[in-house]
Amino acid sequence: MTRTLVISLLLLLTSYSTAQAGTKSQAAREAAEYLLQRFGKEVGEQSVETLTTKVSNYAAKYGDEAVDAIRKAGPRAFTLLDDAGDNAPDVLRLINRYGNDGVWVASRPNNLAIFVKHGDQAAEAMIKHPGVAAPVIEKFGQPAISAIQAVSTQNARRIAMMADDGSLAAAGKADEMLGVIGKYGDKAADFIYKHKGALAVTAVAAAFLADPQPFIDGTTDLAGIVVEPVNQAASEVGKGIAEGTNWTTVIVSVAVMGVTLLVLCIWRPWRSKRAEGAVGLP
């Protein structure tokens, strides 16, 4: 009885495997036929049989997702997967989720590396602002992704410019500034870009970041914050001078200077008169 059961299970598994293989083979052939029909020039002289075998090999290596990606990206998918190496599963995910936009990201090694590190949000930011988002994300990571996704093309370019010229990080608060942009969007990006000079001052940046909305909405003037740190700094400097001064030394020095000036005032006229008298002698 047991032997009969084992044989039955083996036959069932064999039948299932054969059916699965047949299904996969059929999917590969259909993909090959689609490639010839849709991407004839790119496929070149390859036949249906040749392409079926090729698609089957990629499916065996990467799973059924490879067939879907090949149908979406065409013959270019073979090259992208080969070039990606260990990142091939990420390329498949890009293509299957974003189509031609995913192909664009996967075809650029730097963009692909950013996607591998930061995930789908990074891909979406790079797709939304091609050529602008990647350098900012590379420099500032997740905060840049949130900011880039929240703004228009114009402000994405502004963020990239501030990242490039150093003004975004001038006060050491780049992540926080990007966080504000990610929360408030274009209005925050406009404000930060227009006031980037003032916000380069650490104290001003801190005051803004403590409660950015009134500044962004225009109910609080940033110029009023600029004066305060200056006055405070001057006060601190004066206080430091007063506390650090040895007043005994100062008084003695002033006394010595006074005596010296008095002696000079008396000695010079006396010397001048003596010189005149010497000239008048026979």
# chains A, B, ... in the order shown; residues from 1 in each chain; ligands from 1

call {"tool": "residues_around", "arguments": {"residues": "Val48 of chain A", "least_positions_apart": "5", "cutoff": "8 Å", "atoms": "only C-alpha atoms", "output": "list in words"}}
result
Arg29, Ala32, Glu33 and Leu36 of chain A

call {"tool": "write_last_selection", "arguments": {"atoms": "C-alpha atoms", "output": "CSV table (one decimal), in the first residue's frame"}}
result
chain,number,residue,atom,x,y,z
A,29,ARG,CA,7.5,31.1,-27.2
A,32,ALA,CA,9.6,35.3,-28.6
A,33,GLU,CA,6.8,35.8,-31.2
A,36,LEU,CA,9.6,39.5,-33.5

call {"tool": "closest_residue", "arguments": {"among": "A:Gln26, A:Gln46, A:Ser107, A:Gln154", "to": "Ala84 of chain A", "atoms": "only C-alpha atoms"}}
result
A:Ser107

call {"tool": "residues_around", "arguments": {"residues": "segment 128-142 of chain A", "least_positions_apart": "2", "cutoff": "7 Å", "atoms": "only C-alpha atoms", "output": "ChimeraX atom specification"}}
result
/A:111,114,124-126,144-146,148,153,156-157,160,163

call {"tool": "decode", "arguments": {"residues": "segment 39-73 of chain A", "atoms": "N, CA and C atoms", "output": "mmCIF file, in the first residue's frame"}}
result
data_model
loop_
_atom_site.group_PDB
_atom_site.id
_atom_site.type_symbol
_atom_site.label_atom_id
_atom_site.label_comp_id
_atom_site.auth_asym_id
_atom_site.auth_seq_id
_atom_site.Cartn_x
_atom_site.Cartn_y
_atom_site.Cartn_z
ATOM 1 N N PHE A 39 9.424 44.204 -32.063
ATOM 2 C CA PHE A 39 10.787 44.744 -32.110
ATOM 3 C C PHE A 39 11.585 44.086 -33.245
ATOM 4 N N GLY A 40 10.965 43.963 -34.388
ATOM 5 C CA GLY A 40 11.580 43.258 -35.506
ATOM 6 C C GLY A 40 12.993 43.700 -35.842
ATOM 7 N N LYS A 41 13.225 45.002 -35.971
ATOM 8 C CA LYS A 41 14.545 45.511 -36.354
ATOM 9 C C LYS A 41 15.596 45.230 -35.284
ATOM 10 N N GLU A 42 15.198 45.356 -34.016
ATOM 11 C CA GLU A 42 16.152 45.124 -32.929
ATOM 12 C C GLU A 42 16.479 43.643 -32.781
ATOM 13 N N VAL A 43 15.527 42.801 -33.112
ATOM 14 C CA VAL A 43 15.745 41.357 -33.000
ATOM 15 C C VAL A 43 16.707 40.866 -34.084
ATOM 16 N N GLY A 44 16.651 41.489 -35.232
ATOM 17 C CA GLY A 44 17.550 41.116 -36.317
ATOM 18 C C GLY A 44 17.152 39.816 -36.986
ATOM 19 N N GLU A 45 18.123 38.935 -37.201
ATOM 20 C CA GLU A 45 17.908 37.692 -37.950
ATOM 21 C C GLU A 45 17.515 36.515 -37.064
ATOM 22 N N GLN A 46 17.273 36.742 -35.796
ATOM 23 C CA GLN A 46 16.949 35.632 -34.896
ATOM 24 C C GLN A 46 15.561 35.052 -35.222
ATOM 25 N N SER A 47 15.470 33.755 -35.102
ATOM 26 C CA SER A 47 14.204 33.064 -35.392
ATOM 27 C C SER A 47 13.383 32.923 -34.118
ATOM 28 N N VAL A 48 12.160 32.453 -34.284
ATOM 29 C CA VAL A 48 11.294 32.224 -33.124
ATOM 30 C C VAL A 48 11.921 31.190 -32.196
ATOM 31 N N GLU A 49 12.479 30.132 -32.777
ATOM 32 C CA GLU A 49 13.081 29.074 -31.966
ATOM 33 C C GLU A 49 14.268 29.597 -31.163
ATOM 34 N N THR A 50 15.104 30.390 -31.831
ATOM 35 C CA THR A 50 16.281 30.939 -31.149
ATOM 36 C C THR A 50 15.863 31.842 -29.994
ATOM 37 N N LEU A 51 14.891 32.712 -30.255
ATOM 38 C CA LEU A 51 14.430 33.625 -29.219
ATOM 39 C C LEU A 51 13.713 32.882 -28.089
ATOM 40 N N THR A 52 12.971 31.832 -28.453
ATOM 41 C CA THR A 52 12.282 31.047 -27.424
ATOM 42 C C THR A 52 13.283 30.431 -26.458
ATOM 43 N N THR A 53 14.351 29.890 -27.021
ATOM 44 C CA THR A 53 15.399 29.291 -26.178
ATOM 45 C C THR A 53 16.044 30.358 -25.281
ATOM 46 N N LYS A 54 16.278 31.529 -25.864
ATOM 47 C CA LYS A 54 16.915 32.606 -25.107
ATOM 48 C C LYS A 54 16.028 33.069 -23.955
ATOM 49 N N VAL A 55 14.759 33.281 -24.260
ATOM 50 C CA VAL A 55 13.820 33.711 -23.221
ATOM 51 C C VAL A 55 13.706 32.635 -22.143
ATOM 52 N N SER A 56 13.666 31.381 -22.546
ATOM 53 C CA SER A 56 13.567 30.268 -21.588
ATOM 54 C C SER A 56 14.763 30.252 -20.647
ATOM 55 N N ASN A 57 15.948 30.525 -21.173
ATOM 56 C CA ASN A 57 17.157 30.543 -20.339
ATOM 57 C C ASN A 57 17.097 31.644 -19.281
ATOM 58 N N TYR A 58 16.625 32.816 -19.679
ATOM 59 C CA TYR A 58 16.515 33.921 -18.710
ATOM 60 C C TYR A 58 15.427 33.632 -17.677
ATOM 61 N N ALA A 59 14.333 32.988 -18.129
ATOM 62 C CA ALA A 59 13.262 32.625 -17.199
ATOM 63 C C ALA A 59 13.752 31.596 -16.181
ATOM 64 N N ALA A 60 14.586 30.664 -16.656
ATOM 65 C CA ALA A 60 15.131 29.649 -15.755
ATOM 66 C C ALA A 60 16.061 30.279 -14.716
ATOM 67 N N LYS A 61 16.741 31.333 -15.126
ATOM 68 C CA LYS A 61 17.710 31.975 -14.232
ATOM 69 C C LYS A 61 17.055 32.964 -13.273
ATOM 70 N N TYR A 62 16.065 33.716 -13.764
ATOM 71 C CA TYR A 62 15.504 34.796 -12.960
ATOM 72 C C TYR A 62 14.027 34.622 -12.611
ATOM 73 N N GLY A 63 13.383 33.582 -13.142
ATOM 74 C CA GLY A 63 11.979 33.376 -12.829
ATOM 75 C C GLY A 63 11.057 33.956 -13.886
ATOM 76 N N ASP A 64 9.759 33.784 -13.644
ATOM 77 C CA ASP A 64 8.752 34.232 -14.615
ATOM 78 C C ASP A 64 8.783 35.745 -14.836
ATOM 79 N N GLU A 65 9.283 36.497 -13.830
ATOM 80 C CA GLU A 65 9.358 37.953 -13.977
ATOM 81 C C GLU A 65 10.208 38.354 -15.178
ATOM 82 N N ALA A 66 11.170 37.494 -15.522
ATOM 83 C CA ALA A 66 12.044 37.804 -16.654
ATOM 84 C C ALA A 66 11.254 37.836 -17.960
ATOM 85 N N VAL A 67 10.294 36.927 -18.117
ATOM 86 C CA VAL A 67 9.487 36.893 -19.338
ATOM 87 C C VAL A 67 8.675 38.172 -19.469
ATOM 88 N N ASP A 68 8.074 38.607 -18.360
ATOM 89 C CA ASP A 68 7.288 39.852 -18.382
ATOM 90 C C ASP A 68 8.174 41.049 -18.724
ATOM 91 N N ALA A 69 9.354 41.106 -18.120
ATOM 92 C CA ALA A 69 10.262 42.229 -18.373
ATOM 93 C C ALA A 69 10.742 42.241 -19.817
ATOM 94 N N ILE A 70 11.011 41.076 -20.376
ATOM 95 C CA ILE A 70 11.471 40.986 -21.765
ATOM 96 C C ILE A 70 10.383 41.463 -22.721
ATOM 97 N N ARG A 71 9.146 41.118 -22.414
ATOM 98 C CA ARG A 71 8.042 41.583 -23.260
ATOM 99 C C ARG A 71 7.923 43.107 -23.198
ATOM 100 N N LYS A 72 8.146 43.690 -22.034
ATOM 101 C CA LYS A 72 7.995 45.141 -21.875
ATOM 102 C C LYS A 72 9.170 45.915 -22.465
ATOM 103 N N ALA A 73 10.370 45.445 -22.228
ATOM 104 C CA ALA A 73 11.562 46.192 -22.648
ATOM 105 C C ALA A 73 12.099 45.766 -23.996
#
